[in-house]
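Okay, so here's the structure we're looking at.
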2 protein chains.
Amino acid sequence: MPISIRDVARQLNLSITTVSRALDGYDDVAEETRQRVIAAARELGYAPSHTARQLRRQRADAIGYILPTSGPRFSDPFFSEFIAGLGDEATSRDLDILVSTAPPDSAAERQLYERWVRSRRVDGIVLSRMRAYDWRVKYLLKSHFPVVALGHTLLAEDAPQIEINARAGFAHLVQHLVERGHRRIAYIGASSDLTLQVDRLAGYRDGLATAQIPFDASWIEQGDLTRPSGYQAALRLLNLSEPPTAIIGVNDLTALGAMHAAHEHGLVVGRDIAVAGYDGIEDSEHAQPPLTTINSSVYSLARRLVKMVCAIVANEPLAEPRTLIEPELIVRGSTGG
Amino acid sequence: MPISIRDVARQLNLSITTVSRALDGYDDVAEETRQRVIAAARELGYAPSHTARQLRRQRADAIGYILPTSGPRFSDPFFSEFIAGLGDEATSRDLDILVSTAPPDSAAERQLYERWVRSRRVDGIVLSRMRAYDWRVKYLLKSHFPVVALGHTLLAEDAPQIEINARAGFAHLVQHLVERGHRRIAYIGASSDLTLQVDRLAGYRDGLATAQIPFDASWIEQGDLTRPSGYQAALRLLNLSEPPTAIIGVNDLTALGAMHAAHEHGLVVGRDIAVAGYDGIEDSEHAQPPLTTINSSVYSLARRLVKMVCAIVANEPLAEPRTLIEPELIVRGSTGG
DNA sequence: TTGTAGGCGTTATCAA
DNA sequence: TTGATAACGCCTACAA
């Protein structure tokens, strides 16, 4: 039985109203009373019940985020940076982040979102890993539930979002490789359900087109954004009769897996073969050799997402409901320095 | 204005009591009525308000976890695996994980824990990165707040916890290196405020003692568990007049940083120098060369922590209030295969 | 400046 | 089998 506002009131022979207002900083309470109240509250270790306050204020003071877990080995530093960003921004606003896990596009995922929305468990939701036909945005918008997405979906082209111009980034990256003399450039992607795959592949093709290199489907492999999948896909590429001289990974993890495969093939990355990724996670900097990548500043991205969803919750007009960010190419040793 | 139980009751001309009990599966409601209620609830999209239920039931249905963030570059896969484990176990129990961030041992951290405890925001708390004098456990136990720690602290030697026998693990690791012919074995640790550092260093010394290798303080470096710090510390070690032939990192990230430094020094890891880590994160498997490490099964550890804290919340007796887990040495290429 | 009272949406007790 | 009613702990319009 924790301490309630009643206990404080009783102790001071005051009404709970006065206690409540003294603590909330209203100015219609005598300064002396306020001091007594504050002292008593501290002494008793009183803090307002979050739940009761929530019920009264009709707010949860929490933002929800569901991790797209795909089995026990969920080890993508993208998400630790992302969650750190969400958490830091939330903390600075006295909010919490409610985290859950579900396999992408599963029934469990759907149930989770519905539970959060219908039970008003969170005030808003942050979405990532958008899918081409993503019922999540559609559902949340239809429910008038505050939501911000990292990336877009065809199902709701007007949803509040932050989009990174990955297409331009990948085109730029291809150009960089072409300038280094590469013509046989492979790409290890992800499921084409994901818009990130659609965009990044398009950027890759843009880059080839600009350099007037014909597109060759045998240079396209598909992984699942994990390191092992990048490794496997790279092995397949390296075993082609005419293997590529450069491999682009849809994300850094994929590229790091590919680097591993190249090493095993006896190739020196950066000399015998070029490898590049996307995300700009810390690992890329300390890989052997350091990985050329496209930095999307995951951490600050996450903070911006929280800011946006808070603005929506507060019914503030969004300065930029659909932000487009230009990512930055970071050239490192893996593409020849 | 979301749908409340009243709306469902009105629609069916029933009392809210009946609706509530029909939905909660009580058996004192006519089966036919129950079906009608369920149908109406589904049709209206009703789900009980989580907040109201919390207030009534005096439970939050959430477990809290605070990430020890230390700046914007928080990129440790340990934590993405850990949170995935927390989340998966929580989801399977219809709970949520409330995540926040704070620098270890900061005023902000303290405020966060106090806020969660006093406002009853969560039902229980999971702690990691324990410190030798960790007020968190002491405070939570004193507040009779359900808590489980990953690791121990001197301030509360009887707290519910899961402990990994890292000391034995490190001794074992040193033995492995000695068997490979190493005598000059360095150790890159972390702040000695952390019990993990105390234990792992002790294990390292145990290992030396067993092999009758005198302890030499110049082989001890201190990092902060991050990759860059491992890199920097390794550089210092490699620049000694008599550099070590083997380097042990307090965790995998530190070891991976050290590997990077060794490479830069023109050394082939696994041949010219041995490097080993601790944690068993996925990166270690795909490093170049794969990293010898001590696997602590982060994911399942996290799940067990949630299980334990739930048992405490439910007032169930704990089978093992203080679990000790023996970690597993995984020998890979970085120590010569 | 302080107190009374109603209600936020549930669930639980008790009566019908 | 169902319904009226009283909490859970807080905030706030209104009254004193």
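In the structure tokens, the first chain shown is A, the next is B, and so on; residue numbers restart at 1 for each chain, and ligands run from 1 in the order shown.
Look at DT2 (chain C): the protein and nucleic acid residues within 10 Å of it, using only C-alpha atoms (C1' of nucleotides) and passing over chain neighbours fewer than 3 places away, are Leu14, Ser15, Thr17, Thr18, Asp28, Val29 and Ala30 of chain A; DA16 of chain D.
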Exercise: DC11 (chain D) partners within 8 Å, only C-alpha atoms (C1' of nucleotides), chain neighbours under 4 positions left out, as number ranges by chain: A: 20, 53, 56-57
After a least-squares superposition on chain A over all sequentially paired C-alpha atoms, what is chain B as a compact mmCIF listing (two decimals) with C-alpha atoms, in the first residue's frame?
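Result file superposed_5.txt:
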# COMPACT_ATOMS: atom_id res chain seq x y z
CA MET B 1 0.05 -0.08 0.15
CA PRO B 2 1.96 2.85 -1.27
CA ILE B 3 1.52 6.42 -0.14
CA SER B 4 -1.38 8.27 -1.75
CA ILE B 5 -2.29 11.88 -1.87
CA ARG B 6 -4.68 11.22 0.97
CA ASP B 7 -1.84 10.31 3.29
CA VAL B 8 -0.13 13.58 2.59
CA ALA B 9 -3.37 15.49 3.08
CA ARG B 10 -4.11 13.76 6.35
CA GLN B 11 -0.64 14.39 7.69
CA LEU B 12 -1.05 18.11 7.06
CA ASN B 13 -4.72 18.43 7.86
CA LEU B 14 -5.34 19.72 4.38
CA SER B 15 -7.68 18.61 1.66
CA ILE B 16 -6.39 16.45 -1.16
CA THR B 17 -7.34 19.22 -3.51
CA THR B 18 -4.89 21.60 -1.96
CA VAL B 19 -2.16 19.02 -1.90
CA SER B 20 -2.71 18.22 -5.53
CA ARG B 21 -2.57 21.85 -6.55
CA ALA B 22 0.36 22.71 -4.38
CA LEU B 23 2.35 19.93 -5.97
CA ASP B 24 1.28 20.78 -9.49
CA GLY B 25 2.43 24.35 -9.06
CA TYR B 26 -0.88 26.17 -9.27
CA ASP B 27 -0.60 29.72 -8.04
CA ASP B 28 -3.80 29.80 -6.07
CA VAL B 29 -2.22 28.17 -3.07
CA ALA B 30 -0.39 30.04 -0.32
CA GLU B 31 3.32 29.83 -0.68
CA GLU B 32 3.72 28.71 2.89
CA THR B 33 1.20 25.94 2.40
CA ARG B 34 2.97 24.84 -0.73
CA GLN B 35 6.26 24.52 1.10
CA ARG B 36 4.67 22.46 3.83
CA VAL B 37 3.06 20.21 1.25
CA ILE B 38 6.27 19.74 -0.67
CA ALA B 39 8.16 18.97 2.51
CA ALA B 40 5.57 16.44 3.66
CA ALA B 41 5.45 14.79 0.25
CA ARG B 42 9.18 14.41 0.18
CA GLU B 43 9.26 13.11 3.71
CA LEU B 44 6.60 10.52 3.04
CA GLY B 45 8.11 9.64 -0.32
CA TYR B 46 4.97 10.52 -2.16
CA ALA B 47 4.68 10.72 -5.91
CA PRO B 48 1.35 10.82 -7.74
CA SER B 49 0.16 7.47 -8.99
CA HIS B 50 0.94 7.40 -12.62
CA THR B 51 -2.03 5.23 -13.39
CA ALA B 52 -4.55 7.41 -11.64
CA ARG B 53 -3.14 10.48 -13.30
CA GLN B 54 -3.32 8.76 -16.65
CA LEU B 55 -6.93 7.85 -16.14
CA ARG B 56 -7.79 11.37 -15.17
CA ARG B 57 -5.70 13.15 -17.77
CA GLN B 58 -6.37 10.64 -20.48
CA ARG B 59 -2.76 10.44 -21.42
CA ALA B 60 -0.31 7.59 -21.08
CA ASP B 61 2.87 9.64 -21.19
CA ALA B 62 4.43 6.92 -23.23
CA ILE B 63 5.41 6.35 -26.82
CA GLY B 64 5.27 2.85 -28.24
CA TYR B 65 7.79 1.12 -30.42
CA ILE B 66 7.75 -2.47 -31.59
CA LEU B 67 11.02 -4.14 -32.48
CA PRO B 68 10.91 -6.28 -35.63
CA THR B 69 12.47 -9.30 -34.01
CA SER B 70 13.01 -12.35 -36.08
CA GLY B 71 14.18 -14.99 -33.70
CA PRO B 72 16.49 -15.18 -30.72
CA ARG B 73 19.50 -13.80 -32.52
CA PHE B 74 18.42 -10.24 -32.84
CA SER B 75 21.65 -8.40 -32.84
CA ASP B 76 21.51 -5.28 -34.93
CA PRO B 77 23.29 -2.27 -33.49
CA PHE B 78 20.99 -0.13 -35.58
CA PHE B 79 18.33 -0.82 -32.99
CA SER B 80 20.42 -0.18 -29.93
CA GLU B 81 21.30 3.23 -31.34
CA PHE B 82 17.71 3.75 -32.35
CA ILE B 83 16.29 2.87 -28.96
CA ALA B 84 18.93 4.97 -27.24
CA GLY B 85 17.74 7.89 -29.35
CA LEU B 86 14.08 7.23 -28.62
CA GLY B 87 14.85 6.85 -24.94
CA ASP B 88 16.98 9.96 -24.60
CA GLU B 89 14.45 12.16 -26.33
CA ALA B 90 11.61 10.64 -24.33
CA THR B 91 13.45 11.05 -21.06
CA SER B 92 14.09 14.69 -21.78
CA ARG B 93 10.33 15.11 -22.08
CA ASP B 94 9.42 13.05 -19.06
CA LEU B 95 7.98 10.36 -21.21
CA ASP B 96 8.73 6.69 -21.38
CA ILE B 97 9.17 4.36 -24.27
CA LEU B 98 7.07 1.25 -24.27
CA VAL B 99 8.88 -1.46 -26.15
CA SER B 100 7.55 -4.72 -27.40
CA THR B 101 8.69 -7.28 -29.92
CA ALA B 102 7.00 -9.07 -32.78
CA PRO B 103 7.97 -10.64 -36.07
CA PRO B 104 7.22 -8.21 -38.91
CA ASP B 105 3.79 -8.59 -40.46
CA SER B 106 2.74 -11.33 -38.09
CA ALA B 107 -0.59 -11.81 -36.38
CA ALA B 108 1.18 -11.16 -33.11
CA GLU B 109 2.36 -7.82 -34.40
CA ARG B 110 -1.13 -6.83 -35.39
CA GLN B 111 -2.54 -7.80 -32.03
CA LEU B 112 0.09 -5.78 -30.26
CA TYR B 113 -0.66 -2.61 -32.17
CA GLU B 114 -4.37 -3.09 -31.71
CA ARG B 115 -3.95 -3.68 -28.04
CA TRP B 116 -1.90 -0.55 -27.62
CA VAL B 117 -4.29 1.56 -29.62
CA ARG B 118 -7.55 0.32 -28.26
CA SER B 119 -6.46 0.15 -24.68
CA ARG B 120 -4.79 3.55 -25.06
CA ARG B 121 -1.64 2.13 -23.63
CA VAL B 122 0.55 4.69 -25.39
CA ASP B 123 -0.04 8.20 -26.69
CA GLY B 124 1.70 7.67 -29.96
CA ILE B 125 3.65 5.16 -31.96
CA VAL B 126 6.92 5.23 -33.84
CA LEU B 127 7.23 2.94 -36.82
CA SER B 128 10.33 1.72 -38.62
CA ARG B 129 11.15 -0.84 -41.30
CA MET B 130 8.23 0.27 -43.40
CA ARG B 131 6.71 -2.15 -45.83
CA ALA B 132 5.40 -1.38 -49.28
CA TYR B 133 1.88 -2.29 -48.21
CA ASP B 134 2.04 -1.45 -44.59
CA TRP B 135 -1.29 -1.87 -42.83
CA ARG B 136 0.21 -0.35 -39.70
CA VAL B 137 0.20 3.22 -40.92
CA LYS B 138 -3.14 2.81 -42.56
CA TYR B 139 -4.65 1.32 -39.44
CA LEU B 140 -3.17 3.93 -37.13
CA LEU B 141 -4.19 6.85 -39.30
CA LYS B 142 -7.67 5.46 -39.63
CA SER B 143 -7.84 5.13 -35.87
CA HIS B 144 -6.69 8.75 -35.59
CA PHE B 145 -3.78 7.54 -33.57
CA PRO B 146 -0.61 9.67 -33.47
CA VAL B 147 2.06 7.99 -35.52
CA VAL B 148 5.31 8.84 -37.22
CA ALA B 149 7.09 6.54 -39.60
CA LEU B 150 10.71 6.19 -40.51
CA GLY B 151 10.22 5.68 -44.22
CA HIS B 152 7.17 5.61 -46.40
CA THR B 153 4.59 3.12 -47.55
CA LEU B 154 2.42 3.02 -50.64
CA LEU B 155 -0.66 2.59 -48.48
CA ALA B 156 -0.46 6.04 -46.94
CA GLU B 157 1.60 8.46 -48.91
CA ASP B 158 0.57 11.36 -46.68
CA ALA B 159 1.47 9.94 -43.31
CA PRO B 160 3.78 11.96 -41.06
CA GLN B 161 7.21 10.59 -41.63
CA ILE B 162 10.90 11.08 -41.86
CA GLU B 163 12.33 9.78 -45.05
CA ILE B 164 15.97 9.44 -45.85
CA ASN B 165 16.85 9.92 -49.45
CA ALA B 166 18.45 6.53 -49.66
CA ARG B 167 17.80 6.38 -53.36
CA ALA B 168 20.07 9.35 -53.97
CA GLY B 169 22.53 7.93 -51.48
CA PHE B 170 22.86 4.64 -53.28
CA ALA B 171 23.13 6.30 -56.68
CA HIS B 172 25.89 8.39 -55.22
CA LEU B 173 27.59 5.32 -53.83
CA VAL B 174 27.51 3.57 -57.20
CA GLN B 175 29.00 6.67 -58.77
CA HIS B 176 31.78 6.55 -56.21
CA LEU B 177 32.52 2.94 -57.11
CA VAL B 178 32.44 3.69 -60.82
CA GLU B 179 34.95 6.46 -60.26
CA ARG B 180 37.15 3.89 -58.58
CA GLY B 181 37.05 1.92 -61.79
CA HIS B 182 34.40 -0.64 -60.93
CA ARG B 183 31.94 -1.87 -63.57
CA ARG B 184 30.87 -5.17 -62.09
CA ILE B 185 28.97 -3.93 -59.06
CA ALA B 186 26.72 -6.33 -57.18
CA TYR B 187 23.96 -5.51 -54.74
CA ILE B 188 22.77 -7.59 -51.81
CA GLY B 189 19.28 -6.47 -50.92
CA ALA B 190 16.45 -7.48 -48.65
CA SER B 191 12.87 -8.58 -49.11
CA SER B 192 11.18 -6.36 -51.63
CA ASP B 193 8.23 -6.03 -49.26
CA LEU B 194 10.35 -3.46 -47.51
CA THR B 195 10.32 -0.01 -48.95
CA LEU B 196 13.90 0.46 -47.91
CA GLN B 197 14.79 -2.30 -50.34
CA VAL B 198 12.71 -0.81 -53.12
CA ASP B 199 14.33 2.60 -52.69
CA ARG B 200 17.86 1.41 -52.29
CA LEU B 201 17.65 -0.92 -55.24
CA ALA B 202 16.24 1.92 -57.30
CA GLY B 203 19.17 4.08 -56.25
CA TYR B 204 21.56 1.34 -57.26
CA ARG B 205 19.92 1.14 -60.66
CA ASP B 206 19.95 4.91 -61.01
CA GLY B 207 23.66 4.82 -60.38
CA LEU B 208 24.23 2.14 -62.99
CA ALA B 209 22.13 4.01 -65.50
CA THR B 210 24.04 7.21 -64.98
CA ALA B 211 27.28 5.34 -65.60
CA GLN B 212 25.68 3.60 -68.55
CA ILE B 213 26.30 0.20 -67.09
CA PRO B 214 23.60 -2.26 -68.13
CA PHE B 215 21.64 -3.76 -65.29
CA ASP B 216 22.35 -7.45 -64.76
CA ALA B 217 19.99 -9.42 -62.57
CA SER B 218 22.64 -11.97 -61.69
CA TRP B 219 24.37 -9.32 -59.63
CA ILE B 220 21.39 -8.98 -57.39
CA GLU B 221 21.16 -11.13 -54.31
CA GLN B 222 18.64 -11.09 -51.53
CA GLY B 223 19.37 -11.31 -47.83
CA ASP B 224 17.41 -10.41 -44.73
CA LEU B 225 19.43 -7.49 -43.38
CA THR B 226 21.49 -9.70 -41.09
CA ARG B 227 25.18 -10.39 -41.13
CA PRO B 228 24.88 -14.13 -41.90
CA SER B 229 22.61 -13.43 -44.83
CA GLY B 230 25.11 -10.94 -46.23
CA TYR B 231 27.79 -13.54 -45.81
CA GLN B 232 25.83 -16.22 -47.64
CA ALA B 233 24.79 -13.93 -50.46
CA ALA B 234 28.35 -12.73 -50.96
CA LEU B 235 29.58 -16.30 -51.19
CA ARG B 236 27.14 -16.91 -54.02
CA LEU B 237 28.32 -13.79 -55.79
CA LEU B 238 31.98 -14.65 -55.38
CA ASN B 239 31.41 -18.08 -56.84
CA LEU B 240 30.04 -16.68 -60.09
CA SER B 241 32.19 -17.40 -63.12
CA GLU B 242 32.68 -13.68 -63.45
CA PRO B 243 32.42 -12.39 -59.89
CA PRO B 244 31.77 -8.73 -59.13
CA THR B 245 34.60 -6.39 -58.18
CA ALA B 246 32.37 -4.44 -55.86
CA ILE B 247 29.53 -5.41 -53.53
CA ILE B 248 27.00 -3.05 -52.03
CA GLY B 249 24.99 -4.16 -49.02
CA VAL B 250 21.50 -2.87 -48.36
CA ASN B 251 22.69 -2.12 -44.83
CA ASP B 252 25.93 -2.20 -42.89
CA LEU B 253 25.30 -5.59 -41.36
CA THR B 254 24.83 -7.15 -44.78
CA ALA B 255 28.00 -5.46 -46.00
CA LEU B 256 29.96 -6.65 -42.98
CA GLY B 257 28.80 -10.19 -43.68
CA ALA B 258 29.92 -9.75 -47.27
CA MET B 259 33.33 -8.55 -46.13
CA HIS B 260 33.67 -11.65 -44.05
CA ALA B 261 32.92 -13.80 -47.09
CA ALA B 262 35.42 -11.91 -49.22
CA HIS B 263 38.12 -12.45 -46.62
CA GLU B 264 37.38 -16.13 -46.55
CA HIS B 265 37.73 -16.16 -50.30
CA GLY B 266 41.26 -14.89 -49.83
CA LEU B 267 40.42 -11.44 -51.11
CA VAL B 268 41.71 -8.28 -49.51
CA VAL B 269 38.79 -5.94 -49.16
CA GLY B 270 39.63 -2.48 -50.40
CA ARG B 271 42.23 -3.85 -52.81
CA ASP B 272 40.89 -6.97 -54.52
CA ILE B 273 37.26 -6.12 -53.98
CA ALA B 274 35.25 -3.15 -52.80
CA VAL B 275 32.45 -3.44 -50.24
CA ALA B 276 30.07 -0.76 -49.02
CA GLY B 277 27.03 -0.55 -46.79
CA TYR B 278 24.35 1.76 -45.46
CA ASP B 279 23.33 3.08 -42.02
CA GLY B 280 26.55 4.33 -40.53
CA ILE B 281 26.48 2.18 -37.42
CA GLU B 282 29.54 2.30 -35.24
CA ASP B 283 30.70 -1.15 -36.34
CA SER B 284 31.27 0.13 -39.82
CA GLU B 285 33.93 2.47 -38.53
CA HIS B 286 35.84 -0.23 -36.76
CA ALA B 287 35.53 -3.00 -39.30
CA GLN B 288 38.61 -4.41 -40.93
CA PRO B 289 39.07 -2.44 -43.16
CA PRO B 290 36.69 0.36 -42.13
CA LEU B 291 33.53 0.18 -44.17
CA THR B 292 32.45 2.76 -46.69
CA THR B 293 28.87 3.54 -45.85
CA ILE B 294 26.04 6.00 -46.09
CA ASN B 295 25.44 7.61 -42.76
CA SER B 296 21.84 8.09 -41.79
CA SER B 297 22.51 9.27 -38.22
CA VAL B 298 20.27 6.73 -36.58
CA TYR B 299 20.43 8.29 -33.15
CA SER B 300 19.33 11.78 -34.10
CA LEU B 301 16.77 10.33 -36.46
CA ALA B 302 15.20 8.52 -33.55
CA ARG B 303 15.14 11.70 -31.52
CA ARG B 304 13.43 13.55 -34.31
CA LEU B 305 10.82 10.86 -34.63
CA VAL B 306 9.92 11.23 -30.98
CA LYS B 307 9.79 14.99 -31.31
CA MET B 308 7.41 14.68 -34.22
CA VAL B 309 5.10 12.20 -32.60
CA CYS B 310 4.97 14.37 -29.50
CA ALA B 311 3.97 17.35 -31.59
CA ILE B 312 1.18 15.31 -33.09
CA VAL B 313 0.03 14.13 -29.69
CA ALA B 314 0.02 17.73 -28.48
CA ASN B 315 -1.93 18.72 -31.55
CA GLU B 316 0.75 21.14 -32.59
CA PRO B 317 1.04 21.77 -36.30
CA LEU B 318 4.04 20.03 -37.78
CA ALA B 319 6.57 22.29 -39.39
CA GLU B 320 7.50 19.53 -41.77
CA PRO B 321 5.05 16.64 -41.77
CA ARG B 322 7.14 14.80 -44.29
CA THR B 323 10.82 15.42 -43.80
CA LEU B 324 13.32 14.31 -46.40
CA ILE B 325 16.88 13.96 -45.20
CA GLU B 326 19.89 13.76 -47.46
CA PRO B 327 22.29 11.13 -46.17
CA GLU B 328 26.02 11.48 -46.27
CA LEU B 329 28.44 9.19 -48.08
CA ILE B 330 31.37 8.21 -45.87
CA VAL B 331 34.24 6.83 -47.90
CA ARG B 332 36.52 4.48 -46.02
CA GLY B 333 39.08 1.77 -46.68
CA SER B 334 36.67 -0.92 -47.85
CA THR B 335 36.29 0.79 -51.21
CA GLY B 336 39.96 1.51 -51.60
CA GLY B 337 40.18 4.47 -49.24
Within 12 Å of DT13 (chain C) using only C-alpha atoms (C1' of nucleotides), minus same-chain residues under 6 positions, as a PyMOL selection string: (chain B and resi 17) or (chain D and resi 4-7)
Could you save the residues just selected, with C-alpha atoms (C1' of nucleotides), as an mmCIF file, in the first residue's frame?
data_model
loop_
_atom_site.group_PDB
_atom_site.id
_atom_site.type_symbol
_atom_site.label_atom_id
_atom_site.label_comp_id
_atom_site.auth_asym_id
_atom_site.auth_seq_id
_atom_site.Cartn_x
_atom_site.Cartn_y
_atom_site.Cartn_z
ATOM 1 C CA THR B 17 -20.906 -5.241 -14.855
ATOM 2 C "C1'" DA D 4 -26.536 -1.050 -8.765
ATOM 3 C "C1'" DT D 5 -22.788 0.863 -6.422
ATOM 4 C "C1'" DA D 6 -18.469 1.700 -4.427
ATOM 5 C "C1'" DA D 7 -13.904 2.071 -4.835
#
Backbone-only DSSP, strand (DSSP E or B) members of region 39-256 of chain B, as a VMD selection string: chain B and resid 62 to 67 96 to 101 124 to 127 131 147 to 150 161 to 164 185 to 189 194 220 to 222 246 to 249
Within 10 Å of chain B: residues of chain C, using only C-alpha atoms (C1' of nucleotides), as JSON, numbers by chain: {"C": [8, 9, 10, 11, 12]}
Identify every residue of chain D that has at least one atom within 12 Å of any atom of chain A, counting only C-alpha atoms (C1' of nucleotides), and report the result as an mmCIF file with N, CA and C atoms (P, O5', C5', C4', C3', O3' and C1' of nucleotides), in the first residue's frame.
data_model
loop_
_atom_site.group_PDB
_atom_site.id
_atom_site.type_symbol
_atom_site.label_atom_id
_atom_site.label_comp_id
_atom_site.auth_asym_id
_atom_site.auth_seq_id
_atom_site.Cartn_x
_atom_site.Cartn_y
_atom_site.Cartn_z
ATOM 1 P P DC D 8 -10.183 3.028 -2.134
ATOM 2 O "O5'" DC D 8 -9.192 2.773 -3.328
ATOM 3 C "C5'" DC D 8 -8.909 1.519 -3.890
ATOM 4 C "C4'" DC D 8 -8.265 1.744 -5.241
ATOM 5 C "C3'" DC D 8 -7.498 3.071 -5.334
ATOM 6 O "O3'" DC D 8 -6.126 2.832 -5.060
ATOM 7 C "C1'" DC D 8 -8.847 2.638 -7.303
ATOM 8 P P DG D 9 -5.413 3.722 -3.981
ATOM 9 O "O5'" DG D 9 -5.146 5.070 -4.763
ATOM 10 C "C5'" DG D 9 -4.238 5.074 -5.849
ATOM 11 C "C4'" DG D 9 -4.297 6.429 -6.517
ATOM 12 C "C3'" DG D 9 -4.059 7.614 -5.576
ATOM 13 O "O3'" DG D 9 -3.021 8.381 -6.136
ATOM 14 C "C1'" DG D 9 -6.005 7.936 -6.887
ATOM 15 P P DC D 10 -2.620 9.796 -5.613
ATOM 16 O "O5'" DC D 10 -3.346 10.713 -6.685
ATOM 17 C "C5'" DC D 10 -2.857 10.726 -8.017
ATOM 18 C "C4'" DC D 10 -3.836 11.403 -8.929
ATOM 19 C "C3'" DC D 10 -3.877 12.920 -8.779
ATOM 20 O "O3'" DC D 10 -3.152 13.455 -9.875
ATOM 21 C "C1'" DC D 10 -6.068 11.939 -8.999
ATOM 22 P P DC D 11 -2.833 15.013 -9.860
ATOM 23 O "O5'" DC D 11 -4.154 15.621 -10.504
ATOM 24 C "C5'" DC D 11 -4.380 15.419 -11.880
ATOM 25 C "C4'" DC D 11 -5.706 16.018 -12.249
ATOM 26 C "C3'" DC D 11 -5.769 17.545 -12.144
ATOM 27 O "O3'" DC D 11 -6.349 17.997 -13.355
ATOM 28 C "C1'" DC D 11 -7.564 16.565 -10.963
ATOM 29 P P DT D 12 -6.201 19.544 -13.719
ATOM 30 O "O5'" DT D 12 -7.674 20.068 -13.480
ATOM 31 C "C5'" DT D 12 -8.774 19.371 -14.045
ATOM 32 C "C4'" DT D 12 -10.054 20.003 -13.552
ATOM 33 C "C3'" DT D 12 -9.975 21.515 -13.322
ATOM 34 O "O3'" DT D 12 -11.241 22.061 -13.666
ATOM 35 C "C1'" DT D 12 -10.632 20.474 -11.357
ATOM 36 P P DA D 13 -11.314 23.430 -14.501
ATOM 37 O "O5'" DA D 13 -12.865 23.800 -14.443
ATOM 38 C "C5'" DA D 13 -13.820 22.835 -14.835
ATOM 39 C "C4'" DA D 13 -15.032 22.859 -13.915
ATOM 40 C "C3'" DA D 13 -15.565 24.264 -13.644
ATOM 41 O "O3'" DA D 13 -17.000 24.219 -13.674
ATOM 42 C "C1'" DA D 13 -15.006 23.215 -11.590
#
